[in-house]
Amino acid sequence: MLLIAFPVSDITVARYLSARGVPYLGIDLDKLDQLAADRLIAQLREWTSGPLLVGVSGDYEKCEVFRSLGTLDQILYWDKSSDCLWTSFVLPVGDSKTMKIRMAGMRLGAKENRSPVVAELMEGERLAGFIFRPGTESETGIYDYDAMDDFLDSVGVDG
(Lines give C-alpha, C1' and ligand atoms only; values in the text may rest on other atoms or scores of the structure.)
Protein backbone atom coordinates (compact mmCIF):
# COMPACT_ATOMS: atom_id res chain seq x y z
CA MET A 1 0.00 0.00 0.00
CA LEU A 2 1.49 3.32 -1.07
CA LEU A 3 0.86 6.01 1.49
CA ILE A 4 1.76 9.67 1.22
CA ALA A 5 1.35 11.65 4.42
CA PHE A 6 0.56 15.17 3.22
CA PRO A 7 1.24 17.75 4.43
CA VAL A 8 3.91 16.96 7.00
CA SER A 9 4.99 20.13 8.76
CA ASP A 10 6.59 19.12 12.06
CA ILE A 11 9.21 16.72 13.35
CA THR A 12 7.02 14.97 15.96
CA VAL A 13 4.58 13.79 13.29
CA ALA A 14 7.38 12.98 10.82
CA ARG A 15 9.23 10.79 13.33
CA TYR A 16 6.04 8.95 14.25
CA LEU A 17 5.16 8.31 10.59
CA SER A 18 8.72 7.18 9.88
CA ALA A 19 8.59 4.72 12.79
CA ARG A 20 5.22 3.41 11.54
CA GLY A 21 6.72 2.70 8.10
CA VAL A 22 4.88 5.31 6.02
CA PRO A 23 6.95 5.41 2.79
CA TYR A 24 6.40 9.07 1.80
CA LEU A 25 6.38 12.33 3.73
CA GLY A 26 4.85 15.11 1.64
CA ILE A 27 5.77 18.76 2.06
CA ASP A 28 3.35 21.43 0.84
CA LEU A 29 5.76 23.74 -0.96
CA ASP A 30 2.95 26.23 -1.64
CA LYS A 31 2.58 26.97 2.10
CA LEU A 32 6.29 27.65 2.69
CA ASP A 33 8.76 30.21 1.47
CA GLN A 34 12.13 28.94 0.25
CA LEU A 35 13.91 29.41 3.60
CA ALA A 36 11.16 27.67 5.61
CA ALA A 37 11.04 24.80 3.10
CA ASP A 38 14.82 24.35 3.20
CA ARG A 39 14.77 24.34 7.02
CA LEU A 40 11.96 21.75 7.16
CA ILE A 41 13.67 19.52 4.59
CA ALA A 42 16.95 19.65 6.56
CA GLN A 43 15.13 18.80 9.82
CA LEU A 44 13.26 15.90 8.22
CA ARG A 45 16.51 14.53 6.80
CA GLU A 46 18.20 14.79 10.19
CA TRP A 47 15.39 13.39 12.33
CA THR A 48 13.79 10.67 10.17
CA SER A 49 15.02 7.55 8.48
CA GLY A 50 13.28 5.61 5.74
CA PRO A 51 10.57 7.71 4.12
CA LEU A 52 11.16 9.52 0.86
CA LEU A 53 10.63 13.28 1.04
CA VAL A 54 8.17 14.51 -1.56
CA GLY A 55 7.63 18.16 -2.39
CA VAL A 56 4.17 18.97 -3.73
CA SER A 57 3.17 22.21 -5.42
CA GLY A 58 0.53 23.56 -7.76
CA ASP A 59 3.10 26.06 -9.08
CA TYR A 60 5.05 24.56 -11.97
CA GLU A 61 7.90 27.06 -11.64
CA LYS A 62 8.29 26.28 -7.94
CA CYS A 63 8.43 22.58 -8.80
CA GLU A 64 11.23 23.26 -11.26
CA VAL A 65 13.20 25.32 -8.72
CA PHE A 66 13.05 22.52 -6.15
CA ARG A 67 13.82 19.92 -8.81
CA SER A 68 16.99 21.85 -9.69
CA LEU A 69 18.02 22.09 -6.01
CA GLY A 70 17.92 18.32 -5.59
CA THR A 71 17.08 18.46 -1.87
CA LEU A 72 13.92 16.36 -2.17
CA ASP A 73 13.56 12.76 -3.34
CA GLN A 74 10.66 13.66 -5.56
CA ILE A 75 8.81 16.76 -6.77
CA LEU A 76 5.17 16.40 -7.76
CA TYR A 77 3.02 18.94 -9.55
CA TRP A 78 -0.58 18.86 -8.21
CA ASP A 79 -3.04 21.65 -7.48
CA LYS A 80 -4.35 19.62 -4.50
CA SER A 81 -7.99 20.08 -5.37
CA SER A 82 -8.45 17.89 -8.44
CA ASP A 83 -7.56 14.60 -10.04
CA CYS A 84 -4.26 14.47 -11.92
CA LEU A 85 -1.65 12.15 -13.37
CA TRP A 86 1.88 11.70 -12.04
CA THR A 87 3.78 10.11 -14.90
CA SER A 88 7.07 9.39 -13.16
CA PHE A 89 6.07 8.59 -9.60
CA VAL A 90 9.14 7.11 -7.90
CA LEU A 91 8.55 4.05 -5.74
CA PRO A 92 10.65 3.31 -2.62
CA VAL A 93 12.45 0.55 -4.52
CA GLY A 94 13.57 3.03 -7.17
CA ASP A 95 11.18 1.97 -9.93
CA SER A 96 8.95 4.56 -11.55
CA LYS A 97 5.25 4.22 -12.37
CA THR A 98 2.38 6.29 -13.65
CA MET A 99 -0.08 7.05 -10.86
CA LYS A 100 -3.42 8.76 -11.09
CA ILE A 101 -4.68 10.76 -8.16
CA ARG A 102 -8.41 10.48 -7.67
CA MET A 103 -9.92 12.78 -5.07
CA ALA A 104 -11.39 10.55 -2.36
CA GLY A 105 -15.09 10.21 -1.91
CA MET A 106 -14.67 7.30 0.47
CA ARG A 107 -13.94 7.21 4.17
CA LEU A 108 -11.62 4.89 6.06
CA GLY A 109 -10.78 4.26 9.66
CA ALA A 110 -12.60 3.85 12.91
CA LYS A 111 -13.55 7.50 13.14
CA GLU A 112 -15.52 7.79 9.91
CA ASN A 113 -16.16 11.52 10.11
CA ARG A 114 -12.48 12.27 10.76
CA SER A 115 -10.96 10.12 8.05
CA PRO A 116 -7.62 11.55 6.99
CA VAL A 117 -7.88 10.30 3.38
CA VAL A 118 -7.58 13.13 0.87
CA ALA A 119 -7.12 11.18 -2.36
CA GLU A 120 -6.67 7.70 -3.75
CA LEU A 121 -3.60 6.65 -5.72
CA MET A 122 -4.57 4.56 -8.71
CA GLU A 123 -2.31 2.37 -10.83
CA GLY A 124 -4.48 1.89 -13.89
CA GLU A 125 -7.82 0.84 -12.41
CA ARG A 126 -6.25 -0.69 -9.31
CA LEU A 127 -6.23 1.12 -5.95
CA ALA A 128 -2.54 1.40 -5.04
CA GLY A 129 -2.69 3.65 -1.99
CA PHE A 130 -3.77 6.89 -0.39
CA ILE A 131 -2.74 10.46 0.19
CA PHE A 132 -3.76 11.26 3.75
CA ARG A 133 -3.60 14.17 6.19
CA PRO A 134 -1.53 13.17 9.23
CA GLY A 135 -2.46 16.27 11.23
CA THR A 136 -0.05 18.27 13.34
CA GLU A 137 1.17 18.35 16.89
CA SER A 138 -1.13 20.29 19.22
CA GLU A 139 1.87 21.50 21.22
CA THR A 140 5.54 20.74 20.79
CA GLY A 141 5.82 16.97 21.12
CA ILE A 142 2.07 16.40 21.68
CA TYR A 143 0.24 14.49 18.93
CA ASP A 144 -2.89 12.30 18.72
CA TYR A 145 -1.13 9.00 18.05
CA ASP A 146 -4.27 6.92 18.72
CA ALA A 147 -6.28 8.45 15.87
CA MET A 148 -3.44 7.96 13.39
CA ASP A 149 -2.76 4.44 14.70
CA ASP A 150 -6.41 3.56 13.97
CA PHE A 151 -6.10 4.80 10.41
CA LEU A 152 -2.72 3.17 9.70
CA ASP A 153 -3.91 -0.12 11.20
CA SER A 154 -7.04 0.02 9.01
CA VAL A 155 -4.93 0.25 5.84
CA GLY A 156 -2.53 -2.47 6.95
CA VAL A 157 0.58 -0.52 7.91
CA ASP A 158 2.62 -2.45 10.45
CA GLY A 159 5.24 -0.17 11.98
# chains A, B, ... in the order shown; residues from 1 in each chain; ligands from 1
$ closest_atom_pairs --of "range 10-57 of chain A" --to "range 83-103 of chain A" --cutoff "12 Å" --atoms "only C-alpha atoms" --output "Markdown table"
| residue | atom | partner | partner_atom | distance |
| --- | --- | --- | --- | --- |
| A:Gly21 | CA | A:Pro92 | CA | 11.4 |
| A:Val22 | CA | A:Pro92 | CA | 10.6 |
| A:Pro23 | CA | A:Pro92 | CA | 6.9 |
| A:Tyr24 | CA | A:Pro92 | CA | 8.4 |
| A:Leu25 | CA | A:Pro92 | CA | 11.8 |
| A:Gly50 | CA | A:Pro92 | CA | 9.1 |
| A:Pro51 | CA | A:Pro92 | CA | 8.1 |
| A:Leu52 | CA | A:Pro92 | CA | 7.1 |
| A:Leu53 | CA | A:Pro92 | CA | 10.6 |
| A:Val54 | CA | A:Val90 | CA | 9.8 |
| A:Val56 | CA | A:Trp86 | CA | 11.3 |
$ write_last_selection --atoms "N, CA, C and O atoms" --output "PDB file, in the first residue's frame"
ATOM      1  N   GLY A  21       6.435   3.278   9.414  1.00  0.00           N
ATOM      2  CA  GLY A  21       6.719   2.702   8.101  1.00  0.00           C
ATOM      3  C   GLY A  21       5.992   3.357   6.945  1.00  0.00           C
ATOM      4  O   GLY A  21       5.875   2.766   5.868  1.00  0.00           O
ATOM      5  N   VAL A  22       5.503   4.586   7.132  1.00  0.00           N
ATOM      6  CA  VAL A  22       4.881   5.310   6.019  1.00  0.00           C
ATOM      7  C   VAL A  22       5.983   5.664   5.024  1.00  0.00           C
ATOM      8  O   VAL A  22       6.989   6.269   5.402  1.00  0.00           O
ATOM      9  N   PRO A  23       5.842   5.269   3.747  1.00  0.00           N
ATOM     10  CA  PRO A  23       6.953   5.412   2.794  1.00  0.00           C
ATOM     11  C   PRO A  23       7.214   6.818   2.257  1.00  0.00           C
ATOM     12  O   PRO A  23       8.306   7.084   1.764  1.00  0.00           O
ATOM     13  N   TYR A  24       6.224   7.731   2.351  1.00  0.00           N
ATOM     14  CA  TYR A  24       6.397   9.075   1.798  1.00  0.00           C
ATOM     15  C   TYR A  24       5.922  10.137   2.775  1.00  0.00           C
ATOM     16  O   TYR A  24       4.815  10.047   3.303  1.00  0.00           O
ATOM     17  N   LEU A  25       6.757  11.154   2.968  1.00  0.00           N
ATOM     18  CA  LEU A  25       6.377  12.331   3.727  1.00  0.00           C
ATOM     19  C   LEU A  25       6.282  13.475   2.734  1.00  0.00           C
ATOM     20  O   LEU A  25       7.273  13.817   2.076  1.00  0.00           O
ATOM     21  N   GLY A  50      14.167   6.510   6.480  1.00  0.00           N
ATOM     22  CA  GLY A  50      13.284   5.614   5.737  1.00  0.00           C
ATOM     23  C   GLY A  50      12.412   6.274   4.698  1.00  0.00           C
ATOM     24  O   GLY A  50      12.535   5.984   3.519  1.00  0.00           O
ATOM     25  N   PRO A  51      11.490   7.158   5.113  1.00  0.00           N
ATOM     26  CA  PRO A  51      10.568   7.712   4.122  1.00  0.00           C
ATOM     27  C   PRO A  51      11.264   8.597   3.088  1.00  0.00           C
ATOM     28  O   PRO A  51      12.248   9.277   3.401  1.00  0.00           O
ATOM     29  N   LEU A  52      10.712   8.587   1.891  1.00  0.00           N
ATOM     30  CA  LEU A  52      11.157   9.516   0.862  1.00  0.00           C
ATOM     31  C   LEU A  52      10.472  10.857   1.116  1.00  0.00           C
ATOM     32  O   LEU A  52       9.317  10.905   1.521  1.00  0.00           O
ATOM     33  N   LEU A  53      11.197  11.938   0.878  1.00  0.00           N
ATOM     34  CA  LEU A  53      10.629  13.279   1.036  1.00  0.00           C
ATOM     35  C   LEU A  53      10.121  13.759  -0.311  1.00  0.00           C
ATOM     36  O   LEU A  53      10.876  13.803  -1.283  1.00  0.00           O
ATOM     37  N   VAL A  54       8.845  14.113  -0.332  1.00  0.00           N
ATOM     38  CA  VAL A  54       8.170  14.505  -1.561  1.00  0.00           C
ATOM     39  C   VAL A  54       7.691  15.944  -1.434  1.00  0.00           C
ATOM     40  O   VAL A  54       6.938  16.266  -0.525  1.00  0.00           O
ATOM     41  N   VAL A  56       5.374  18.871  -2.920  1.00  0.00           N
ATOM     42  CA  VAL A  56       4.170  18.971  -3.735  1.00  0.00           C
ATOM     43  C   VAL A  56       3.811  20.442  -3.902  1.00  0.00           C
ATOM     44  O   VAL A  56       3.771  21.195  -2.932  1.00  0.00           O
TER      45      VAL A  56
END
$ closest_residue --among "A:Met122, A:Val117, A:Leu40, A:Leu3" --to "Val157 in chain A" --atoms "only C-alpha atoms"
A:Leu3
$ atom_distance --atom1 "CA of Ser49 in chain A" --atom2 "CA of Gly135 in chain A"
19.7 Å
$ atom_distance --atom1 "CA of Asp33 in chain A" --atom2 "CA of Pro116 in chain A"
25.4 Å
$ closest_residue --among "A:Ser82, A:Val13, A:Leu29, A:Leu44" --to "Phe66 in chain A" --atoms "only C-alpha atoms"
A:Leu29
$ select_by_dssp --residues "chain A" --states "helix (DSSP H, G or I)" --output "PyMOL selection string"
chain A and resi 11-20+29-31+34-47+60-69+112-114+145-154
$ residues_around --residues "Asp144 in chain A" --least-positions-apart "4" --cutoff "12 Å" --atoms "only C-alpha atoms" --output "ChimeraX atom specification"
/A:12-13,16,134-139,148-151
